[in-house]
$ cat entry_38.csv   # CSV, C-alpha atoms
chain,number,residue,atom,x,y,z
A,83,MET,CA,-31.7,8.7,17.8
A,84,SER,CA,-32.4,6.6,14.7
A,85,LYS,CA,-29.8,6.9,12.0
A,86,PHE,CA,-30.2,8.6,8.6
A,87,CYS,CA,-27.7,8.7,5.8
A,88,LEU,CA,-27.8,11.4,3.1
A,89,VAL,CA,-26.1,10.2,-0.1
A,90,LEU,CA,-25.2,13.0,-2.6
A,91,CYS,CA,-23.8,11.7,-5.8
A,92,GLY,CA,-24.5,11.3,-9.6
A,93,LYS,CA,-27.1,9.1,-11.2
A,94,TYR,CA,-24.4,7.1,-13.0
A,95,ASP,CA,-22.2,6.8,-10.0
A,96,PHE,CA,-22.5,3.0,-10.0
A,97,SER,CA,-20.3,2.3,-6.9
A,98,VAL,CA,-23.0,4.0,-4.9
A,99,ASP,CA,-25.4,1.2,-5.8
A,100,LEU,CA,-23.2,-1.2,-3.9
A,101,VAL,CA,-23.2,0.9,-0.7
A,102,ILE,CA,-27.0,1.4,-1.0
A,103,GLN,CA,-27.5,-2.3,-0.9
A,104,GLU,CA,-25.3,-2.5,2.3
A,105,LEU,CA,-27.3,0.3,3.9
A,106,GLU,CA,-30.5,-1.6,3.1
A,107,LYS,CA,-29.1,-4.7,4.7
A,108,LYS,CA,-28.2,-2.8,7.8
A,109,GLY,CA,-31.6,-1.2,8.0
A,110,ILE,CA,-30.1,2.3,7.8
A,111,ASP,CA,-32.6,5.0,6.6
A,112,TYR,CA,-31.3,7.0,3.7
A,113,ILE,CA,-32.1,9.2,0.7
A,114,ARG,CA,-29.9,9.3,-2.5
A,115,LEU,CA,-30.0,12.5,-4.3
A,116,ASN,CA,-28.4,12.7,-7.8
A,117,LYS,CA,-26.9,16.0,-8.8
A,118,GLU,CA,-28.4,15.7,-12.4
A,119,GLU,CA,-31.9,15.7,-11.0
A,120,LEU,CA,-32.0,18.0,-8.0
A,121,SER,CA,-34.5,20.3,-9.7
A,122,ASP,CA,-36.9,17.3,-10.1
A,123,TYR,CA,-37.4,17.4,-6.4
A,124,PHE,CA,-38.5,20.1,-3.9
A,125,ILE,CA,-35.6,20.2,-1.4
A,126,ASN,CA,-35.3,22.6,1.5
A,127,ILE,CA,-33.1,23.0,4.6
A,128,ASP,CA,-33.9,24.9,7.7
A,129,ALA,CA,-30.4,25.8,8.5
A,130,VAL,CA,-31.0,26.8,12.1
A,131,LYS,CA,-33.2,23.9,13.1
A,132,LYS,CA,-31.1,21.5,10.9
A,133,VAL,CA,-34.0,20.0,9.2
A,134,LEU,CA,-34.0,18.7,5.6
A,135,THR,CA,-37.2,18.2,3.6
A,136,VAL,CA,-37.3,16.3,0.3
A,137,ARG,CA,-40.3,15.8,-1.9
A,138,GLY,CA,-40.4,14.1,-5.3
A,139,HIS,CA,-40.0,10.8,-7.1
A,140,GLY,CA,-42.1,9.1,-4.5
A,141,ILE,CA,-40.2,10.6,-1.6
A,142,ASN,CA,-41.9,12.9,1.0
A,143,ARG,CA,-39.6,13.2,4.0
A,144,GLU,CA,-38.8,15.7,6.7
A,145,VAL,CA,-35.5,14.6,8.2
A,146,SER,CA,-34.1,16.1,11.4
A,147,ASN,CA,-31.7,13.2,12.2
A,148,VAL,CA,-29.0,13.3,9.5
A,149,THR,CA,-26.3,11.2,11.1
A,150,SER,CA,-24.1,10.7,8.1
A,151,VAL,CA,-23.5,12.3,4.7
A,152,TRP,CA,-21.7,10.7,1.8
A,153,PHE,CA,-20.6,13.6,-0.3
A,154,ARG,CA,-19.5,12.4,-3.7
A,155,GLN,CA,-19.6,15.8,-5.3
A,156,PRO,CA,-17.0,18.1,-6.9
A,157,VAL,CA,-16.1,20.9,-4.5
A,158,PHE,CA,-15.5,23.5,-7.1
A,159,ILE,CA,-16.4,24.0,-10.7
A,160,ARG,CA,-13.5,23.3,-13.0
A,161,ASN,CA,-13.9,23.5,-16.7
A,162,ALA,CA,-15.9,26.0,-18.6
A,163,PRO,CA,-18.2,24.2,-21.0
A,164,ALA,CA,-17.4,24.4,-24.8
A,165,HIS,CA,-20.8,26.1,-25.3
A,166,ALA,CA,-22.5,29.0,-23.8
A,167,LEU,CA,-24.9,28.0,-20.9
A,168,GLY,CA,-28.4,29.3,-20.9
A,169,LEU,CA,-29.4,31.5,-18.0
A,170,GLU,CA,-31.4,28.7,-16.3
A,171,GLU,CA,-28.5,26.3,-16.5
A,172,GLN,CA,-26.0,28.9,-15.2
A,173,LEU,CA,-28.3,29.6,-12.3
A,174,SER,CA,-29.1,26.0,-11.5
A,175,ARG,CA,-25.4,24.9,-11.5
A,176,SER,CA,-24.2,27.7,-9.3
A,177,GLN,CA,-27.0,27.6,-6.8
A,178,TRP,CA,-27.4,23.9,-6.4
A,179,ALA,CA,-23.6,23.6,-5.9
A,180,ALA,CA,-23.9,26.2,-3.1
A,181,PHE,CA,-26.9,24.4,-1.7
A,182,LEU,CA,-25.0,21.1,-1.5
A,183,ARG,CA,-22.1,22.9,0.2
A,184,GLY,CA,-24.6,24.4,2.6
A,185,LEU,CA,-25.5,21.0,3.9
A,186,ILE,CA,-22.5,21.4,6.2
A,187,VAL,CA,-25.1,22.7,8.6
A,188,PHE,CA,-25.4,19.0,9.5
A,189,GLU,CA,-22.0,19.5,11.2
A,190,ASP,CA,-22.6,16.8,13.8
A,191,ALA,CA,-23.0,14.1,11.1
A,192,ILE,CA,-20.3,11.7,10.0
A,193,TRP,CA,-19.1,13.2,6.7
A,194,MET,CA,-17.4,11.1,4.1
A,195,ASN,CA,-15.8,13.5,3.3
A,196,TRP,CA,-16.2,17.0,4.8
A,197,PRO,CA,-16.2,19.3,1.7
A,198,SER,CA,-13.5,21.7,2.9
A,199,SER,CA,-11.2,18.7,3.6
A,200,THR,CA,-11.9,17.4,0.1
A,201,TYR,CA,-11.1,20.9,-1.3
A,202,SER,CA,-7.6,21.0,0.2
A,203,ALA,CA,-7.0,17.3,-0.4
A,204,GLU,CA,-7.6,17.9,-4.1
A,205,SER,CA,-4.5,20.0,-4.3
A,206,LYS,CA,-1.7,17.9,-5.7
A,207,PRO,CA,1.2,20.2,-4.5
A,208,TYR,CA,-0.4,20.0,-1.0
A,209,GLN,CA,-0.6,16.3,-1.2
A,210,LEU,CA,3.1,15.9,-2.1
A,211,MET,CA,4.2,18.3,0.7
A,212,LEU,CA,2.1,16.5,3.3
A,213,ALA,CA,3.1,13.0,2.1
A,214,SER,CA,6.8,13.9,2.3
A,215,LYS,CA,6.3,15.4,5.8
A,216,ILE,CA,4.6,12.2,7.0
A,217,GLY,CA,7.5,10.1,5.8
A,218,PHE,CA,6.6,8.9,2.3
A,219,LYS,CA,9.2,8.9,-0.4
A,220,VAL,CA,8.0,11.2,-3.1
A,221,PRO,CA,9.4,11.2,-6.7
A,222,GLU,CA,11.3,14.4,-7.5
A,223,THR,CA,8.6,16.8,-8.8
A,224,MET,CA,8.4,20.2,-10.3
A,225,ILE,CA,5.1,22.0,-10.9
A,226,GLY,CA,4.8,25.1,-13.0
A,227,ASN,CA,5.1,26.5,-16.6
A,228,ASP,CA,8.8,27.3,-16.8
A,229,SER,CA,10.3,24.7,-19.2
A,230,LYS,CA,13.8,25.8,-18.1
A,231,ILE,CA,13.2,24.2,-14.7
A,232,PHE,CA,12.1,21.0,-16.3
A,233,GLU,CA,15.5,20.7,-18.1
A,234,LYS,CA,17.0,19.5,-14.8
A,235,PHE,CA,15.3,16.1,-15.2
A,236,ASP,CA,16.9,13.2,-16.9
A,237,ALA,CA,15.7,12.1,-20.3
A,238,GLU,CA,12.5,10.2,-19.4
A,239,ILE,CA,9.9,12.0,-17.3
A,240,ILE,CA,6.3,11.8,-16.2
A,241,VAL,CA,4.0,14.5,-17.4
A,242,LYS,CA,0.6,15.0,-15.8
A,243,SER,CA,-1.9,17.7,-15.1
A,244,LEU,CA,-2.4,19.5,-11.8
A,245,ASP,CA,-6.1,18.9,-12.0
A,246,THR,CA,-8.2,16.6,-14.2
A,247,VAL,CA,-8.0,17.6,-17.8
A,248,LEU,CA,-11.4,16.9,-19.3
A,249,LEU,CA,-12.0,19.3,-22.2
A,250,ARG,CA,-14.7,19.7,-24.8
A,251,GLU,CA,-14.1,20.7,-28.4
A,252,GLY,CA,-17.1,20.4,-30.7
A,253,GLU,CA,-18.6,16.9,-30.5
A,254,ASP,CA,-15.4,15.5,-28.9
A,255,CYS,CA,-14.1,15.4,-25.4
A,256,LEU,CA,-10.4,15.2,-24.5
A,257,PHE,CA,-9.0,13.5,-21.5
A,258,THR,CA,-5.3,13.6,-20.5
A,259,TYR,CA,-3.8,10.6,-18.8
A,260,THR,CA,-0.4,10.5,-17.1
A,261,SER,CA,2.2,10.2,-19.8
A,262,SER,CA,5.9,9.5,-20.1
A,263,ILE,CA,7.9,11.6,-22.5
A,264,THR,CA,11.5,12.9,-22.6
A,265,SER,CA,12.4,16.2,-21.0
A,266,LYS,CA,13.7,17.4,-24.3
A,267,GLU,CA,10.2,17.4,-25.6
A,268,LEU,CA,9.2,20.2,-23.3
A,269,ASN,CA,9.8,23.8,-24.3
A,270,GLU,CA,8.4,27.3,-23.7
A,271,ASN,CA,5.9,26.9,-26.5
A,272,ASN,CA,4.3,23.8,-25.1
A,273,THR,CA,4.3,24.6,-21.4
A,274,LYS,CA,3.9,28.4,-20.9
A,275,LEU,CA,0.1,28.5,-21.4
A,276,ALA,CA,-0.7,26.5,-18.3
A,277,PRO,CA,1.2,24.9,-15.4
A,278,LEU,CA,1.8,21.2,-15.4
A,279,THR,CA,3.4,18.5,-13.2
A,280,VAL,CA,6.7,17.0,-14.2
A,281,GLN,CA,7.9,14.1,-12.2
A,282,GLN,CA,10.9,11.8,-12.1
A,283,TYR,CA,10.2,8.6,-14.0
A,284,VAL,CA,10.4,5.9,-11.4
A,285,TYR,CA,11.3,2.6,-13.1
A,286,PRO,CA,10.7,-0.2,-12.9
A,287,LYS,CA,7.4,0.3,-11.3
A,288,ILE,CA,4.4,-1.5,-10.0
A,289,ASP,CA,1.2,0.5,-9.3
A,290,ILE,CA,-0.5,0.1,-6.0
A,291,ARG,CA,-3.9,1.4,-5.1
A,292,VAL,CA,-4.6,1.8,-1.4
A,293,THR,CA,-8.2,2.4,-0.4
A,294,VAL,CA,-8.4,3.8,3.1
A,295,ILE,CA,-11.8,3.9,5.0
A,296,GLY,CA,-11.1,5.3,8.5
A,297,GLU,CA,-8.6,2.8,9.9
A,298,ILE,CA,-9.2,0.1,7.3
A,299,VAL,CA,-6.7,-0.2,4.6
A,300,HIS,CA,-7.1,-2.3,1.4
A,301,ALA,CA,-3.9,-2.5,-0.7
A,302,VAL,CA,-4.0,-3.9,-4.3
A,303,ARG,CA,-1.2,-4.4,-6.7
A,304,ILE,CA,-2.1,-3.5,-10.3
A,305,THR,CA,-0.4,-5.6,-13.0
A,306,SER,CA,-0.8,-7.0,-16.5
A,307,ALA,CA,0.4,-10.5,-17.3
A,308,GLY,CA,2.0,-10.5,-13.8
A,309,SER,CA,4.2,-7.5,-14.5
A,310,GLY,CA,4.1,-3.8,-13.7
A,311,ILE,CA,2.5,-1.6,-16.3
A,312,ASP,CA,4.8,1.1,-17.7
A,313,GLU,CA,2.1,3.4,-19.0
A,314,ASP,CA,-1.0,4.7,-17.2
A,315,TRP,CA,-2.8,1.5,-16.4
A,316,ARG,CA,-6.2,3.0,-17.2
A,317,LEU,CA,-5.2,2.9,-20.9
A,318,LEU,CA,-5.3,-0.9,-20.9
A,319,ARG,CA,-8.4,-3.0,-21.5
A,320,LYS,CA,-10.0,-4.2,-18.3
A,321,GLU,CA,-9.5,-7.8,-19.1
A,322,GLU,CA,-5.7,-7.2,-19.3
A,323,ILE,CA,-5.4,-5.9,-15.8
A,324,GLU,CA,-5.0,-7.9,-12.6
A,325,TYR,CA,-5.8,-6.6,-9.1
A,326,THR,CA,-4.0,-8.6,-6.4
A,327,ASP,CA,-4.3,-8.0,-2.6
A,328,ILE,CA,-1.0,-7.3,-1.0
A,329,LYS,CA,0.3,-6.7,2.4
A,330,LEU,CA,2.1,-3.4,2.6
A,331,PRO,CA,5.0,-2.9,5.1
A,332,PRO,CA,3.4,-1.7,8.4
A,333,VAL,CA,5.1,1.7,8.2
A,334,ILE,CA,3.6,2.3,4.8
A,335,VAL,CA,0.1,1.3,6.1
A,336,GLU,CA,0.6,3.8,8.9
A,337,TYR,CA,1.6,6.6,6.4
A,338,CYS,CA,-1.5,5.8,4.4
A,339,ARG,CA,-3.8,6.1,7.5
A,340,LYS,CA,-2.0,9.2,8.6
A,341,ILE,CA,-2.2,11.2,5.4
A,342,VAL,CA,-6.0,10.5,5.3
A,343,SER,CA,-6.5,11.5,8.9
A,344,GLU,CA,-4.2,14.6,8.6
A,345,MET,CA,-6.2,15.8,5.6
A,346,GLY,CA,-9.4,15.4,7.7
A,347,LEU,CA,-10.8,12.7,5.5
A,348,LYS,CA,-12.7,9.5,6.3
A,349,PHE,CA,-12.0,8.1,2.8
A,350,GLY,CA,-9.0,8.3,0.5
A,351,ALA,CA,-7.8,6.4,-2.5
A,352,ILE,CA,-4.1,6.5,-2.6
A,353,ASP,CA,-1.8,5.7,-5.6
A,354,LEU,CA,1.6,4.4,-4.7
A,355,ILE,CA,4.4,3.0,-6.8
A,356,GLU,CA,6.6,0.2,-5.7
A,357,SER,CA,10.1,0.2,-7.2
A,358,ASN,CA,12.9,-2.0,-6.1
A,359,GLY,CA,11.4,-2.4,-2.7
A,360,ASN,CA,10.8,1.3,-2.2
A,361,TYR,CA,7.3,2.7,-2.0
A,362,TYR,CA,6.6,6.1,-3.5
A,363,PHE,CA,3.6,8.3,-2.9
A,364,ILE,CA,2.0,9.5,-6.1
A,365,GLU,CA,-1.3,11.0,-5.2
A,366,ILE,CA,-4.5,10.7,-3.1
A,367,ASN,CA,-8.1,11.0,-4.4
A,368,PRO,CA,-10.6,12.0,-1.7
A,369,THR,CA,-13.5,10.9,-3.9
A,370,GLY,CA,-11.6,8.2,-5.7
A,371,GLU,CA,-13.2,5.2,-7.4
A,372,TRP,CA,-13.2,1.7,-5.9
A,373,GLY,CA,-16.2,-0.1,-7.3
A,374,TRP,CA,-14.0,-1.9,-9.8
A,375,LEU,CA,-11.8,-3.2,-7.0
A,376,SER,CA,-14.6,-4.6,-4.8
A,377,THR,CA,-14.9,-8.3,-4.5
A,378,GLU,CA,-16.7,-10.5,-2.0
A,379,LYS,CA,-13.3,-10.9,-0.2
A,380,ARG,CA,-12.5,-7.2,-0.5
A,381,PRO,CA,-15.9,-5.7,0.2
A,382,ILE,CA,-15.1,-2.0,0.2
A,383,GLU,CA,-18.8,-1.1,0.1
A,384,LYS,CA,-19.3,-2.9,3.4
A,385,ASP,CA,-16.6,-0.8,5.0
A,386,ILE,CA,-18.0,2.4,3.6
A,387,ALA,CA,-21.5,1.5,4.8
A,388,ASP,CA,-20.2,0.6,8.2
A,389,MET,CA,-18.6,4.0,8.4
A,390,LEU,CA,-21.8,5.7,7.3
A,391,ALA,CA,-23.8,3.7,9.8
A,392,GLY,CA,-21.6,5.1,12.6
B,113,MET,CA,-5.1,23.4,-31.8
B,114,SER,CA,-3.0,24.5,-28.9
B,115,ASP,CA,0.6,23.3,-28.7
B,116,HIS,CA,0.4,22.8,-24.9
B,117,VAL,CA,1.7,19.4,-24.0
B,118,LEU,CA,-1.3,18.5,-21.9
B,119,ILE,CA,-3.6,19.0,-24.9
B,120,ALA,CA,-1.2,17.3,-27.3
B,121,LEU,CA,-1.1,14.2,-25.0
B,122,ALA,CA,-4.9,14.1,-24.5
B,123,LYS,CA,-6.9,11.2,-25.8
B,124,ARG,CA,-9.9,12.3,-27.9
B,125,LYS,CA,-13.2,10.6,-28.2
B,126,PRO,CA,-16.8,11.5,-29.0
B,127,TYR,CA,-18.5,13.3,-26.2
B,128,ALA,CA,-21.3,11.4,-24.4
B,129,ALA,CA,-23.3,13.1,-21.7
B,130,ASP,CA,-24.6,9.8,-20.4
B,131,PRO,CA,-23.0,6.4,-20.5
B,132,ASP,CA,-24.4,3.6,-22.7
B,133,MET,CA,-26.5,1.7,-20.2
B,134,PRO,CA,-27.4,-2.0,-20.6
B,135,GLU,CA,-30.7,-2.5,-22.4
B,136,GLY,CA,-33.7,-2.9,-20.2
B,137,CYS,CA,-32.3,-1.3,-17.1
B,138,SER,CA,-33.9,1.5,-15.2
B,139,TYR,CA,-33.2,3.7,-12.1
B,140,ASP,CA,-35.3,2.8,-9.1
B,141,TYR,CA,-36.0,6.2,-7.4
B,142,GLY,CA,-37.4,4.5,-4.3
B,143,ARG,CA,-34.2,2.6,-3.5
B,144,GLY,CA,-31.8,4.9,-5.2
B,145,LEU,CA,-30.1,2.3,-7.5
B,146,TRP,CA,-30.2,0.8,-11.0
B,147,THR,CA,-32.1,-2.4,-11.7
B,148,LYS,CA,-32.8,-4.7,-14.5
B,149,ALA,CA,-35.8,-7.0,-14.5
B,150,ASN,CA,-36.3,-6.3,-10.8
B,151,ASP,CA,-32.7,-7.3,-9.9
B,152,VAL,CA,-30.0,-4.8,-9.0
B,153,LEU,CA,-27.7,-4.0,-11.9
B,154,VAL,CA,-24.5,-3.7,-9.9
B,155,SER,CA,-23.7,-6.4,-7.4
B,156,HIS,CA,-21.2,-9.2,-7.0
B,157,ASP,CA,-23.6,-11.8,-8.3
B,158,SER,CA,-25.5,-9.7,-10.9
B,159,GLU,CA,-25.3,-10.3,-14.6
B,160,PHE,CA,-23.0,-7.3,-14.9
B,161,GLY,CA,-21.1,-7.7,-11.6
B,162,VAL,CA,-19.3,-4.8,-10.1
B,163,GLN,CA,-17.4,-4.2,-13.3
B,164,ALA,CA,-20.5,-2.4,-14.5
B,165,THR,CA,-19.0,0.4,-12.6
B,166,LYS,CA,-16.3,0.6,-15.3
B,167,LYS,CA,-18.3,-0.8,-18.2
B,168,CYS,CA,-20.7,2.0,-18.1
B,169,ASP,CA,-18.2,4.6,-16.9
B,170,VAL,CA,-17.7,7.9,-18.7
B,171,GLU,CA,-14.0,8.7,-17.9
B,172,THR,CA,-14.0,11.9,-16.1
B,173,GLY,CA,-11.1,11.4,-13.7
B,174,GLU,CA,-11.6,10.2,-10.2
B,175,ASP,CA,-12.2,13.5,-8.6
B,176,GLN,CA,-14.6,15.1,-11.0
B,177,LYS,CA,-17.6,12.8,-10.6
B,178,GLY,CA,-19.0,13.5,-14.0
B,179,GLU,CA,-19.0,17.2,-13.6
$ encode --input "entry_38.csv" --output "structure tokens"
Amino acid sequence: MSKFCLVLCGKYDFSVDLVIQELEKKGIDYIRLNKEELSDYFINIDAVKKVLTVRGHGINREVSNVTSVWFRQPVFIRNAPAHALGLEEQLSRSQWAAFLRGLIVFEDAIWMNWPSSTYSAESKPYQLMLASKIGFKVPETMIGNDSKIFEKFDAEIIVKSLDTVLLREGEDCLFTYTSSITSKELNENNTKLAPLTVQQYVYPKIDIRVTVIGEIVHAVRITSAGSGIDEDWRLLRKEEIEYTDIKLPPVIVEYCRKIVSEMGLKFGAIDLIESNGNYYFIEINPTGEWGWLSTEKRPIEKDIADMLAG
Amino acid sequence: MSDHVLIALAKRKPYAADPDMPEGCSYDYGRGLWTKANDVLVSHDSEFGVQATKKCDVETGEDQKGE
């Protein structure tokens, strides 16, 4: 059977462009559907016969050989918008999201990643539990809205959200990065409304990003001027950040592979911290970014395309 | 404004539904990628390189995919 890859992503998901080029080189048949434009097409599935038809933007295809699906989609709706949605937008959002989830009828295809695996892997508490069970060191962490519990931490702590905080207020958007503050700054007034994650501040630290595709593991140290970055490295300008390939201890490599496979994932972007020779698990992103890490010597898109090619 | 620490620590910036794309680029629906003057926009040897993936990025967190 010839191979066909279905790519479900966003129009501005630029990392996908790199993988598309690799699929082209491999001669793998594919369609890319962007979630912003689904209603521009006529798309149908015959769930029983497992046939997908797509018409629009020059495409007119009936596909009965979906052999891989690259699912770069949210698995649940998170934030309510700051403005009321019209009837059509409400309907379109809910029904297309369900349609995309319904593509699991192509159960025999290679999924990167299977949506229900992504759903559970998005849970930060679950990640920490599983990471510890596998053998990773995990910084002491408390999750909740009871500031009394947070008093047990020493002065400096890490504060972060349980899920991405991306909020709209008027013409502004707000995004919350991982922050370090002192435990004394937390109280009932500024924590009770919503749960948060409070974590031991591991110092000194060097951030490590591990990209796992199946059995392949790419590990990169993230530094600035050769040193670890105390704050959330995403707050620095791109030109201030260095990404250096590193060789992790074999046991850490195995832990990385294991957490990805135990979660039922084919792809995972893992954040670790190295501190005084110890490696701490911070989190895993089942749809994490990697385009900015790709180089000709670290061709992550080739590894992804290889996986999708089967 | 809420007093919650996750809101107090948030960085605020003007909302943009779409990123600022480099002038003259367009989306090729046949291939399913961005191009500029018939060349792909994002590749290791393109004018913008793979860093276009960050240059044009609207920060939404890794797991939200621009939701």
$ atom_distance --input "entry_38.csv" --atom1 "atom CA of A:Ala307" --atom2 "atom CA of A:Lys287"
14.2 Å
$ closest_atom_pairs --input "entry_38.csv" --of "chain A" --to "chain B" --cutoff "7 Å" --atoms "all atoms listed in the file" --output "tab-separated table"
residue	atom	partner	partner_atom	distance
A:Phe96	CA	B:Thr165	CA	5.1
A:Ser97	CA	B:Thr165	CA	6.1
A:Asp99	CA	B:Leu145	CA	5.1
A:Leu100	CA	B:Ser155	CA	6.3
A:Arg114	CA	B:Gly144	CA	5.5
A:His139	CA	B:Tyr141	CA	6.1
A:Gly140	CA	B:Gly142	CA	6.6
A:Gln155	CA	B:Lys177	CA	6.4
A:Pro156	CA	B:Gln176	CA	5.6
A:Ser243	CA	B:Leu118	CA	6.9
A:Thr246	CA	B:Gly173	CA	6.0
A:Leu248	CA	B:Thr172	CA	6.5
A:Glu253	CA	B:Tyr127	CA	5.6
A:Asp254	CA	B:Pro126	CA	4.2
A:Cys255	CA	B:Tyr127	CA	4.9
A:Leu256	CA	B:Arg124	CA	4.5
A:Phe257	CA	B:Ala122	CA	5.1
A:Thr258	CA	B:Ala122	CA	4.1
A:Tyr259	CA	B:Ala122	CA	6.8
A:Asn271	CA	B:Asp115	CA	6.8
A:Asn272	CA	B:His116	CA	4.0
A:Thr273	CA	B:His116	CA	5.5
A:Leu275	CA	B:His116	CA	6.7
A:Asn367	CA	B:Asp175	CA	6.4
A:Thr369	CA	B:Asp175	CA	5.5
A:Gly370	CA	B:Glu174	CA	4.9
A:Glu371	CA	B:Glu174	CA	5.9
A:Gly373	CA	B:Thr165	CA	6.0
A:Trp374	CA	B:Gln163	CA	5.4
A:Thr377	CA	B:His156	CA	6.8
A:Glu378	CA	B:His156	CA	6.9
$ write_last_selection --input "entry_38.csv" --atoms "C-alpha atoms" --output "tab-separated table (two decimals), keeping the file's coordinate frame"
chain	number	residue	atom	x	y	z
A	96	PHE	CA	-22.50	3.00	-10.00
A	97	SER	CA	-20.30	2.30	-6.90
A	99	ASP	CA	-25.40	1.20	-5.80
A	100	LEU	CA	-23.20	-1.20	-3.90
A	114	ARG	CA	-29.90	9.30	-2.50
A	139	HIS	CA	-40.00	10.80	-7.10
A	140	GLY	CA	-42.10	9.10	-4.50
A	155	GLN	CA	-19.60	15.80	-5.30
A	156	PRO	CA	-17.00	18.10	-6.90
A	243	SER	CA	-1.90	17.70	-15.10
A	246	THR	CA	-8.20	16.60	-14.20
A	248	LEU	CA	-11.40	16.90	-19.30
A	253	GLU	CA	-18.60	16.90	-30.50
A	254	ASP	CA	-15.40	15.50	-28.90
A	255	CYS	CA	-14.10	15.40	-25.40
A	256	LEU	CA	-10.40	15.20	-24.50
A	257	PHE	CA	-9.00	13.50	-21.50
A	258	THR	CA	-5.30	13.60	-20.50
A	259	TYR	CA	-3.80	10.60	-18.80
A	271	ASN	CA	5.90	26.90	-26.50
A	272	ASN	CA	4.30	23.80	-25.10
A	273	THR	CA	4.30	24.60	-21.40
A	275	LEU	CA	0.10	28.50	-21.40
A	367	ASN	CA	-8.10	11.00	-4.40
A	369	THR	CA	-13.50	10.90	-3.90
A	370	GLY	CA	-11.60	8.20	-5.70
A	371	GLU	CA	-13.20	5.20	-7.40
A	373	GLY	CA	-16.20	-0.10	-7.30
A	374	TRP	CA	-14.00	-1.90	-9.80
A	377	THR	CA	-14.90	-8.30	-4.50
A	378	GLU	CA	-16.70	-10.50	-2.00
$ atom_distance --input "entry_38.csv" --atom1 "atom CA of A:Lys131" --atom2 "atom CA of A:Phe86"
16.2 Å
$ residues_around --input "entry_38.csv" --residues "A:Ser229" --least-positions-apart "6" --cutoff "8 Å" --atoms "only C-alpha atoms" --output "PyMOL selection string"
chain A and resi 268-270+273-274
$ atom_distance --input "entry_38.csv" --atom1 "atom CA of A:Val148" --atom2 "atom CA of A:Cys87"
6.0 Å
$ residues_around --input "entry_38.csv" --residues "A:Thr264" --least-positions-apart "4" --cutoff "9 Å" --atoms "only C-alpha atoms" --output "short mmCIF file (atom, residue, chain, number, x, y, z; two decimals) with C-alpha atoms, in the frame of the given file"
data_model
loop_
_atom_site.label_atom_id
_atom_site.label_comp_id
_atom_site.auth_asym_id
_atom_site.auth_seq_id
_atom_site.Cartn_x
_atom_site.Cartn_y
_atom_site.Cartn_z
CA PHE A 235 15.30 16.10 -15.20
CA ASP A 236 16.90 13.20 -16.90
CA ALA A 237 15.70 12.10 -20.30
CA GLU A 238 12.50 10.20 -19.40
CA ILE A 239 9.90 12.00 -17.30
CA ILE A 240 6.30 11.80 -16.20
CA LEU A 268 9.20 20.20 -23.30
#
$ residues_around --input "entry_38.csv" --residues "A:Arg319" --least-positions-apart "2" --cutoff "12 Å" --atoms "all atoms listed in the file" --output "list of chain:residue names"
A:Thr305, A:Ser306, A:Asp314, A:Trp315, A:Arg316, A:Leu317, A:Glu321, A:Glu322, A:Ile323, A:Glu324, B:Lys166, B:Lys167
$ write_last_selection --input "entry_38.csv" --atoms "C-alpha atoms" --output "short mmCIF file (atom, residue, chain, number, x, y, z; two decimals), in the coordinates of the input"
data_model
loop_
_atom_site.label_atom_id
_atom_site.label_comp_id
_atom_site.auth_asym_id
_atom_site.auth_seq_id
_atom_site.Cartn_x
_atom_site.Cartn_y
_atom_site.Cartn_z
CA THR A 305 -0.40 -5.60 -13.00
CA SER A 306 -0.80 -7.00 -16.50
CA ASP A 314 -1.00 4.70 -17.20
CA TRP A 315 -2.80 1.50 -16.40
CA ARG A 316 -6.20 3.00 -17.20
CA LEU A 317 -5.20 2.90 -20.90
CA GLU A 321 -9.50 -7.80 -19.10
CA GLU A 322 -5.70 -7.20 -19.30
CA ILE A 323 -5.40 -5.90 -15.80
CA GLU A 324 -5.00 -7.90 -12.60
CA LYS B 166 -16.30 0.60 -15.30
CA LYS B 167 -18.30 -0.80 -18.20
#
